[in-house]
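Asks: Following this line is data39.txt, made up of compact mmCIF, N, CA and C atoms and all ligand atoms:
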# COMPACT_ATOMS: atom_id res chain seq x y z
N MET N 90 25.68 -20.84 -88.84
CA MET N 90 24.75 -20.77 -87.71
C MET N 90 25.49 -20.74 -86.39
N PHE N 91 26.43 -21.70 -86.26
CA PHE N 91 27.21 -21.79 -85.03
C PHE N 91 28.02 -20.50 -84.82
N ALA N 92 28.60 -20.04 -85.96
CA ALA N 92 29.40 -18.82 -85.89
C ALA N 92 28.54 -17.64 -85.45
N ASN N 93 27.32 -17.59 -85.97
CA ASN N 93 26.42 -16.50 -85.60
C ASN N 93 26.11 -16.52 -84.11
N ARG N 94 25.89 -17.74 -83.61
CA ARG N 94 25.56 -17.85 -82.20
C ARG N 94 26.73 -17.37 -81.34
N LYS N 95 27.94 -17.74 -81.81
CA LYS N 95 29.14 -17.34 -81.07
C LYS N 95 29.30 -15.80 -81.08
N THR N 96 29.05 -15.24 -82.26
CA THR N 96 29.15 -13.78 -82.39
C THR N 96 28.15 -13.11 -81.44
N GLY N 97 26.96 -13.70 -81.40
CA GLY N 97 25.92 -13.16 -80.52
C GLY N 97 26.37 -13.18 -79.07
N LEU N 98 27.03 -14.28 -78.69
CA LEU N 98 27.50 -14.42 -77.31
C LEU N 98 28.52 -13.33 -76.98
N TRP N 99 29.46 -13.13 -77.94
CA TRP N 99 30.49 -12.10 -77.71
C TRP N 99 29.85 -10.72 -77.65
N ALA N 100 28.86 -10.49 -78.49
CA ALA N 100 28.19 -9.19 -78.48
C ALA N 100 27.52 -8.96 -77.13
N ARG N 101 26.88 -10.04 -76.64
CA ARG N 101 26.21 -9.92 -75.34
C ARG N 101 27.22 -9.65 -74.22
N ARG N 102 28.37 -10.37 -74.31
CA ARG N 102 29.43 -10.14 -73.30
C ARG N 102 29.91 -8.70 -73.36
N GLY N 103 30.06 -8.19 -74.59
CA GLY N 103 30.51 -6.81 -74.78
C GLY N 103 29.54 -5.84 -74.13
N LEU N 104 28.27 -6.07 -74.35
CA LEU N 104 27.24 -5.19 -73.77
C LEU N 104 27.26 -5.27 -72.25
N LEU N 105 27.48 -6.49 -71.74
CA LEU N 105 27.52 -6.66 -70.29
C LEU N 105 28.68 -5.85 -69.71
N CYS N 106 29.86 -5.94 -70.38
CA CYS N 106 31.04 -5.19 -69.92
C CYS N 106 30.76 -3.70 -69.96
N LEU N 107 30.15 -3.25 -71.05
CA LEU N 107 29.83 -1.83 -71.20
C LEU N 107 28.89 -1.40 -70.07
N GLY N 108 27.90 -2.24 -69.80
CA GLY N 108 26.94 -1.95 -68.73
C GLY N 108 27.63 -1.82 -67.39
N LEU N 109 28.54 -2.76 -67.10
CA LEU N 109 29.26 -2.73 -65.83
C LEU N 109 30.12 -1.48 -65.73
N ALA N 110 30.77 -1.13 -66.85
CA ALA N 110 31.63 0.06 -66.87
C ALA N 110 30.80 1.31 -66.60
N LEU N 111 29.64 1.39 -67.22
CA LEU N 111 28.77 2.56 -67.03
C LEU N 111 28.26 2.61 -65.59
N ALA N 112 27.94 1.42 -65.03
CA ALA N 112 27.47 1.37 -63.64
C ALA N 112 28.57 1.88 -62.71
N ALA N 113 29.81 1.47 -62.98
CA ALA N 113 30.94 1.90 -62.15
C ALA N 113 31.11 3.41 -62.25
N MET N 114 30.96 3.95 -63.47
CA MET N 114 31.08 5.39 -63.65
C MET N 114 29.98 6.13 -62.89
N GLY N 115 28.80 5.54 -62.90
CA GLY N 115 27.67 6.15 -62.20
C GLY N 115 27.94 6.25 -60.71
N VAL N 116 28.50 5.19 -60.14
CA VAL N 116 28.81 5.19 -58.72
C VAL N 116 29.83 6.28 -58.42
N ARG N 117 30.85 6.35 -59.31
CA ARG N 117 31.89 7.36 -59.09
C ARG N 117 31.30 8.77 -59.17
N ALA N 118 30.38 8.99 -60.10
CA ALA N 118 29.77 10.31 -60.24
C ALA N 118 29.00 10.67 -58.97
N GLU N 119 28.31 9.67 -58.41
CA GLU N 119 27.56 9.94 -57.19
C GLU N 119 28.49 10.26 -56.02
N GLU N 120 29.66 9.61 -56.03
CA GLU N 120 30.61 9.88 -54.95
C GLU N 120 31.11 11.31 -55.01
N GLY N 121 31.00 11.94 -56.19
CA GLY N 121 31.52 13.29 -56.36
C GLY N 121 30.71 14.35 -55.64
N ARG N 122 29.50 14.03 -55.25
CA ARG N 122 28.65 15.03 -54.60
C ARG N 122 27.77 14.34 -53.55
N ILE N 123 27.97 14.68 -52.32
CA ILE N 123 27.28 14.00 -51.24
C ILE N 123 26.45 15.02 -50.46
N ALA N 124 25.23 14.64 -50.11
CA ALA N 124 24.35 15.55 -49.38
C ALA N 124 24.18 15.07 -47.94
N VAL N 125 24.29 16.00 -47.02
CA VAL N 125 23.98 15.73 -45.61
C VAL N 125 22.86 16.68 -45.20
N GLY N 126 21.80 16.12 -44.68
CA GLY N 126 20.69 16.94 -44.22
C GLY N 126 20.86 17.27 -42.74
N ILE N 127 20.31 18.41 -42.35
CA ILE N 127 20.26 18.74 -40.92
C ILE N 127 18.78 18.80 -40.57
N ASP N 128 18.35 17.79 -39.81
CA ASP N 128 16.94 17.64 -39.46
C ASP N 128 16.82 17.38 -37.97
N ASN N 129 15.99 18.17 -37.32
CA ASN N 129 15.70 17.93 -35.90
C ASN N 129 16.99 17.82 -35.08
N PHE N 130 17.90 18.77 -35.28
CA PHE N 130 19.16 18.86 -34.52
C PHE N 130 20.06 17.65 -34.77
N THR N 131 19.95 17.05 -35.96
CA THR N 131 20.76 15.87 -36.26
C THR N 131 21.33 15.97 -37.68
N PHE N 132 22.63 15.66 -37.81
CA PHE N 132 23.23 15.55 -39.13
C PHE N 132 22.91 14.17 -39.68
N SER N 133 22.40 14.12 -40.91
CA SER N 133 21.98 12.84 -41.46
C SER N 133 22.44 12.68 -42.92
N PRO N 134 23.30 11.70 -43.23
CA PRO N 134 23.88 10.73 -42.29
C PRO N 134 24.92 11.38 -41.38
N GLY N 135 25.03 10.86 -40.18
CA GLY N 135 25.94 11.43 -39.19
C GLY N 135 27.39 11.07 -39.46
N ALA N 136 27.62 9.94 -40.09
CA ALA N 136 28.98 9.53 -40.44
C ALA N 136 29.01 9.16 -41.91
N LEU N 137 30.06 9.62 -42.57
CA LEU N 137 30.21 9.41 -44.01
C LEU N 137 31.61 8.91 -44.29
N THR N 138 31.77 8.04 -45.25
CA THR N 138 33.10 7.72 -45.76
C THR N 138 33.12 8.07 -47.23
N ILE N 139 34.04 8.94 -47.62
CA ILE N 139 34.09 9.45 -48.99
C ILE N 139 35.52 9.39 -49.51
N ARG N 140 35.66 9.57 -50.81
CA ARG N 140 36.98 9.66 -51.42
C ARG N 140 37.48 11.09 -51.40
N LYS N 141 38.79 11.23 -51.31
CA LYS N 141 39.43 12.54 -51.41
C LYS N 141 38.93 13.25 -52.67
N GLY N 142 38.63 14.53 -52.56
CA GLY N 142 38.15 15.29 -53.71
C GLY N 142 36.63 15.39 -53.79
N THR N 143 35.95 14.71 -52.85
CA THR N 143 34.49 14.72 -52.86
C THR N 143 33.97 15.96 -52.14
N ALA N 144 32.94 16.56 -52.73
CA ALA N 144 32.29 17.70 -52.11
C ALA N 144 31.08 17.22 -51.30
N VAL N 145 30.95 17.75 -50.11
CA VAL N 145 29.80 17.43 -49.26
C VAL N 145 28.99 18.71 -49.08
N THR N 146 27.69 18.61 -49.29
CA THR N 146 26.81 19.76 -49.09
C THR N 146 25.86 19.48 -47.93
N TRP N 147 25.90 20.34 -46.94
CA TRP N 147 24.98 20.25 -45.80
C TRP N 147 23.84 21.22 -46.05
N THR N 148 22.62 20.80 -45.81
CA THR N 148 21.46 21.67 -45.97
C THR N 148 20.63 21.62 -44.69
N ASN N 149 20.34 22.80 -44.17
CA ASN N 149 19.58 22.90 -42.93
C ASN N 149 18.07 22.84 -43.23
N HIS N 150 17.43 21.79 -42.75
CA HIS N 150 15.98 21.66 -42.93
C HIS N 150 15.20 22.07 -41.69
N ASP N 151 15.92 22.49 -40.65
CA ASP N 151 15.23 22.90 -39.41
C ASP N 151 14.77 24.35 -39.49
N ASP N 152 13.88 24.71 -38.57
CA ASP N 152 13.42 26.10 -38.46
C ASP N 152 14.39 26.93 -37.63
N ILE N 153 15.46 26.29 -37.18
CA ILE N 153 16.43 26.91 -36.27
C ILE N 153 17.78 26.95 -36.99
N PRO N 154 18.55 28.03 -36.83
CA PRO N 154 19.84 28.07 -37.51
C PRO N 154 20.84 27.06 -36.96
N HIS N 155 21.69 26.59 -37.85
CA HIS N 155 22.76 25.66 -37.47
C HIS N 155 24.03 26.06 -38.22
N THR N 156 25.15 25.46 -37.80
CA THR N 156 26.41 25.65 -38.54
C THR N 156 27.07 24.28 -38.71
N VAL N 157 28.10 24.28 -39.52
CA VAL N 157 28.99 23.12 -39.68
C VAL N 157 30.37 23.62 -39.32
N PHE N 158 30.99 23.02 -38.32
CA PHE N 158 32.25 23.56 -37.80
C PHE N 158 33.14 22.42 -37.30
N ALA N 159 34.36 22.34 -37.85
CA ALA N 159 35.32 21.34 -37.40
C ALA N 159 36.52 22.05 -36.81
N VAL N 160 36.74 21.86 -35.54
CA VAL N 160 37.84 22.52 -34.82
C VAL N 160 39.18 22.21 -35.49
N GLY N 161 40.02 23.23 -35.65
CA GLY N 161 41.36 23.04 -36.19
C GLY N 161 41.41 22.88 -37.69
N THR N 162 40.30 23.15 -38.38
CA THR N 162 40.27 23.05 -39.84
C THR N 162 39.65 24.33 -40.39
N ASN N 163 39.60 24.42 -41.72
CA ASN N 163 38.88 25.56 -42.30
C ASN N 163 37.45 25.16 -42.70
N ILE N 164 36.97 24.06 -42.12
CA ILE N 164 35.57 23.66 -42.34
C ILE N 164 34.73 24.46 -41.36
N ARG N 165 34.10 25.48 -41.88
CA ARG N 165 33.41 26.43 -41.02
C ARG N 165 32.37 27.15 -41.85
N SER N 166 31.12 26.80 -41.66
CA SER N 166 30.06 27.47 -42.43
C SER N 166 29.66 28.75 -41.72
N LYS N 167 29.00 29.61 -42.46
CA LYS N 167 28.31 30.72 -41.79
C LYS N 167 27.07 30.13 -41.14
N THR N 168 26.33 30.91 -40.41
CA THR N 168 25.10 30.42 -39.81
C THR N 168 24.11 30.11 -40.93
N LEU N 169 23.63 28.88 -40.94
CA LEU N 169 22.71 28.44 -42.00
C LEU N 169 21.27 28.56 -41.50
N ASP N 170 20.52 29.43 -42.15
CA ASP N 170 19.09 29.50 -41.84
C ASP N 170 18.37 28.38 -42.58
N THR N 171 17.08 28.29 -42.39
CA THR N 171 16.29 27.23 -43.01
C THR N 171 16.54 27.17 -44.52
N ASP N 172 16.82 25.98 -45.01
CA ASP N 172 17.03 25.68 -46.44
C ASP N 172 18.34 26.24 -47.00
N GLN N 173 19.18 26.81 -46.15
CA GLN N 173 20.49 27.26 -46.64
C GLN N 173 21.48 26.11 -46.58
N SER N 174 22.48 26.18 -47.49
CA SER N 174 23.44 25.09 -47.63
C SER N 174 24.87 25.58 -47.48
N PHE N 175 25.73 24.64 -47.18
CA PHE N 175 27.17 24.88 -47.10
C PHE N 175 27.86 23.70 -47.78
N THR N 176 28.79 24.00 -48.69
CA THR N 176 29.51 22.93 -49.40
C THR N 176 30.99 23.03 -49.08
N TYR N 177 31.58 21.88 -48.82
CA TYR N 177 33.02 21.82 -48.57
C TYR N 177 33.59 20.64 -49.35
N THR N 178 34.69 20.88 -50.05
CA THR N 178 35.36 19.80 -50.79
C THR N 178 36.53 19.29 -49.97
N PHE N 179 36.49 18.02 -49.65
CA PHE N 179 37.53 17.41 -48.83
C PHE N 179 38.70 17.00 -49.72
N ASP N 180 39.81 17.75 -49.63
CA ASP N 180 40.95 17.46 -50.49
C ASP N 180 42.11 16.81 -49.74
N LYS N 181 41.87 16.46 -48.48
CA LYS N 181 42.88 15.73 -47.71
C LYS N 181 42.23 14.52 -47.07
N ALA N 182 43.00 13.42 -47.04
CA ALA N 182 42.50 12.22 -46.37
C ALA N 182 42.56 12.42 -44.86
N GLY N 183 41.67 11.74 -44.15
CA GLY N 183 41.68 11.83 -42.70
C GLY N 183 40.28 11.69 -42.14
N THR N 184 40.18 11.84 -40.83
CA THR N 184 38.89 11.78 -40.17
C THR N 184 38.56 13.17 -39.64
N PHE N 185 37.42 13.67 -40.04
CA PHE N 185 37.03 15.04 -39.68
C PHE N 185 35.76 14.98 -38.83
N ASN N 186 35.92 15.28 -37.56
CA ASN N 186 34.77 15.37 -36.65
C ASN N 186 34.28 16.80 -36.65
N TYR N 187 32.99 16.97 -36.78
CA TYR N 187 32.48 18.34 -36.80
C TYR N 187 31.25 18.44 -35.91
N ILE N 188 30.90 19.67 -35.59
CA ILE N 188 29.75 19.95 -34.74
C ILE N 188 28.97 21.11 -35.35
N CYS N 189 27.83 21.39 -34.74
CA CYS N 189 27.17 22.68 -34.97
C CYS N 189 27.65 23.57 -33.83
N SER N 190 28.28 24.70 -34.17
CA SER N 190 28.86 25.54 -33.11
C SER N 190 27.79 26.17 -32.24
N LEU N 191 26.56 26.24 -32.72
CA LEU N 191 25.47 26.81 -31.92
C LEU N 191 24.87 25.76 -30.98
N HIS N 192 25.00 24.50 -31.36
CA HIS N 192 24.47 23.38 -30.56
C HIS N 192 25.53 22.28 -30.57
N PRO N 193 26.55 22.45 -29.71
CA PRO N 193 27.72 21.55 -29.80
C PRO N 193 27.42 20.07 -29.53
N HIS N 194 26.24 19.76 -29.06
CA HIS N 194 25.89 18.34 -28.90
C HIS N 194 25.59 17.70 -30.26
N MET N 195 25.40 18.53 -31.29
CA MET N 195 25.18 17.99 -32.64
C MET N 195 26.54 17.61 -33.23
N LYS N 196 26.72 16.35 -33.53
CA LYS N 196 28.02 15.88 -33.98
C LYS N 196 27.91 15.10 -35.28
N GLY N 197 28.94 15.23 -36.10
CA GLY N 197 29.02 14.46 -37.34
C GLY N 197 30.46 14.11 -37.62
N LYS N 198 30.65 13.20 -38.56
CA LYS N 198 32.00 12.75 -38.88
C LYS N 198 32.10 12.46 -40.37
N VAL N 199 33.21 12.89 -40.96
CA VAL N 199 33.49 12.55 -42.36
C VAL N 199 34.85 11.86 -42.41
N ILE N 200 34.87 10.65 -42.92
CA ILE N 200 36.13 9.93 -43.09
C ILE N 200 36.48 10.01 -44.58
N VAL N 201 37.67 10.57 -44.85
CA VAL N 201 38.10 10.79 -46.24
C VAL N 201 39.24 9.82 -46.55
N THR N 202 39.04 9.00 -47.56
CA THR N 202 40.05 8.03 -47.96
C THR N 202 40.78 8.54 -49.20
N GLU N 203 41.96 8.01 -49.44
CA GLU N 203 42.77 8.41 -50.61
C GLU N 203 42.07 8.03 -51.90
CU CU N 301 22.70 23.75 -34.52
Rewrite the coordinates I just gave you, this time as structure tokens.
Replies:
Amino acid sequence: MFANRKTGLWARRGLLCLGLALAAMGVRAEEGRIAVGIDNFTFSPGALTIRKGTAVTWTNHDDIPHTVFAVGTNIRSKTLDTDQSFTYTFDKAGTFNYICSLHPHMKGKVIVTE
């Protein structure tokens, strides 16, 4: 009886560990693909911190065209009409400030960690 109870405890611990491992994997999977919306002349979220290798997809939800453009980098979308998207994979660590080149007051930032 005692042995059974002990076995049960270990089994439960094992399941807990498995659960935690799966939860960690889930978080990592979500980090692999990040969405930024463009709504009402605003990048949302405006600032992001991601891991190197993460792809970010911007989608324009406005009725007005926008772009994603970071000076001095190759982060440069074509003009995005309503519901069009642009994806960029950040393969270098650093801080990337970007704007909409059509409306330079629109600003966003991506911080990429190792
Ligand atoms: Cu714009």
Asks: Kindly provide the residues of chain N that approach ligand CU 301 (chain N) to within 7 Å, each paired with its closest atom pair and their distance in Å to one decimal, based on all atoms listed in the file, listed by chain and increasing number, as CSV.
Replies:
residue,atom,partner,partner_atom,distance
N:Phe130,CA,N:CU301,CU,6.0
N:Ile153,C,N:CU301,CU,6.4
N:Pro154,C,N:CU301,CU,4.5
N:His155,CA,N:CU301,CU,3.5
N:Thr156,N,N:CU301,CU,4.4
N:Ile188,C,N:CU301,CU,6.9
N:Cys189,CA,N:CU301,CU,4.6
N:Ser190,N,N:CU301,CU,5.7
N:Leu191,C,N:CU301,CU,4.6
N:His192,N,N:CU301,CU,4.0
N:Pro193,N,N:CU301,CU,6.3
N:Met195,CA,N:CU301,CU,6.5
Asks: For Thr176 (chain N), which of N:Val145, N:Ile127, N:Ala159, N:Leu137 is the closest residue, counting only C-alpha atoms?
Replies: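 Comparing N:Val145, N:Ile127, N:Ala159, N:Leu137 against Thr176 (chain N), the winner is N:Val145.
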Asks: Dump as a compact mmCIF listing (two decimals) with N, CA and C atoms, in the coordinates of the input all residues having an atom at most 8 Å from (31.3, 19.1, -51.1), computed in the file's coordinates with only N, CA and C atoms.
Replies:
# COMPACT_ATOMS: atom_id res chain seq x y z
N GLY N 121 31.00 11.94 -56.19
CA GLY N 121 31.52 13.29 -56.36
C GLY N 121 30.71 14.35 -55.64
N ARG N 122 29.50 14.03 -55.25
CA ARG N 122 28.65 15.03 -54.60
C ARG N 122 27.77 14.34 -53.55
N ILE N 123 27.97 14.68 -52.32
CA ILE N 123 27.28 14.00 -51.24
C ILE N 123 26.45 15.02 -50.46
N ALA N 124 25.23 14.64 -50.11
CA ALA N 124 24.35 15.55 -49.38
C ALA N 124 24.18 15.07 -47.94
N GLY N 142 38.63 14.53 -52.56
CA GLY N 142 38.15 15.29 -53.71
C GLY N 142 36.63 15.39 -53.79
N THR N 143 35.95 14.71 -52.85
CA THR N 143 34.49 14.72 -52.86
C THR N 143 33.97 15.96 -52.14
N ALA N 144 32.94 16.56 -52.73
CA ALA N 144 32.29 17.70 -52.11
C ALA N 144 31.08 17.22 -51.30
N VAL N 145 30.95 17.75 -50.11
CA VAL N 145 29.80 17.43 -49.26
C VAL N 145 28.99 18.71 -49.08
N THR N 146 27.69 18.61 -49.29
CA THR N 146 26.81 19.76 -49.09
C THR N 146 25.86 19.48 -47.93
N TRP N 147 25.90 20.34 -46.94
CA TRP N 147 24.98 20.25 -45.80
C TRP N 147 23.84 21.22 -46.05
N PHE N 175 25.73 24.64 -47.18
CA PHE N 175 27.17 24.88 -47.10
C PHE N 175 27.86 23.70 -47.78
N THR N 176 28.79 24.00 -48.69
CA THR N 176 29.51 22.93 -49.40
C THR N 176 30.99 23.03 -49.08
N TYR N 177 31.58 21.88 -48.82
CA TYR N 177 33.02 21.82 -48.57
C TYR N 177 33.59 20.64 -49.35
N THR N 178 34.69 20.88 -50.05
CA THR N 178 35.36 19.80 -50.79
C THR N 178 36.53 19.29 -49.97
N PHE N 179 36.49 18.02 -49.65
CA PHE N 179 37.53 17.41 -48.83
C PHE N 179 38.70 17.00 -49.72
Asks: May I have the residues within 10 Å of Gly197 (chain N) as a VMD selection string, using only C-alpha atoms and disregarding those fewer than 2 positions away in the same chain?
Replies: chain N and resid 125 131 to 137 157 to 159 185 to 189 194 to 195 199
Asks: Take CA of Thr202 (chain N) and CA of Arg165 (chain N) and report the distance between them in Å, one decimal.
Replies: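 CA of Arg165 (chain N) lies 20.8 Å from CA of Thr202 (chain N).
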Asks: What separation in Å, quoted to one decimal, exists between CA of Asn129 (chain N) and atom N of Asn149 (chain N)?
Replies: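 Between CA of Asn129 (chain N) and atom N of Asn149 (chain N) the gap works out to 10.7 Å.
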Asks: Using only N, CA and C atoms, find the one residue out of N:Asp170, N:Glu203, N:Asp152, N:Asp180 that sits nearest to Asp128 (chain N).
Replies: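 Result for the nearest residue to Asp128 (chain N): N:Asp152.
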Asks: Quick one, how far is CA of Ile200 (chain N) from atom N of Ser166 (chain N)?
Replies: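 Atom-to-atom, CA of Ile200 (chain N) and atom N of Ser166 (chain N) are spaced 17.7 Å apart.
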Asks: In terms of the shortest atom-to-atom distance over only N, CA and C atoms, which of N:Gly161, N:Val201, N:Gly183, N:Lys167 is closest to Arg140 (chain N)?
Replies: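 Once distances to Arg140 (chain N) are computed over only N, CA and C atoms, the minimum belongs to N:Val201.
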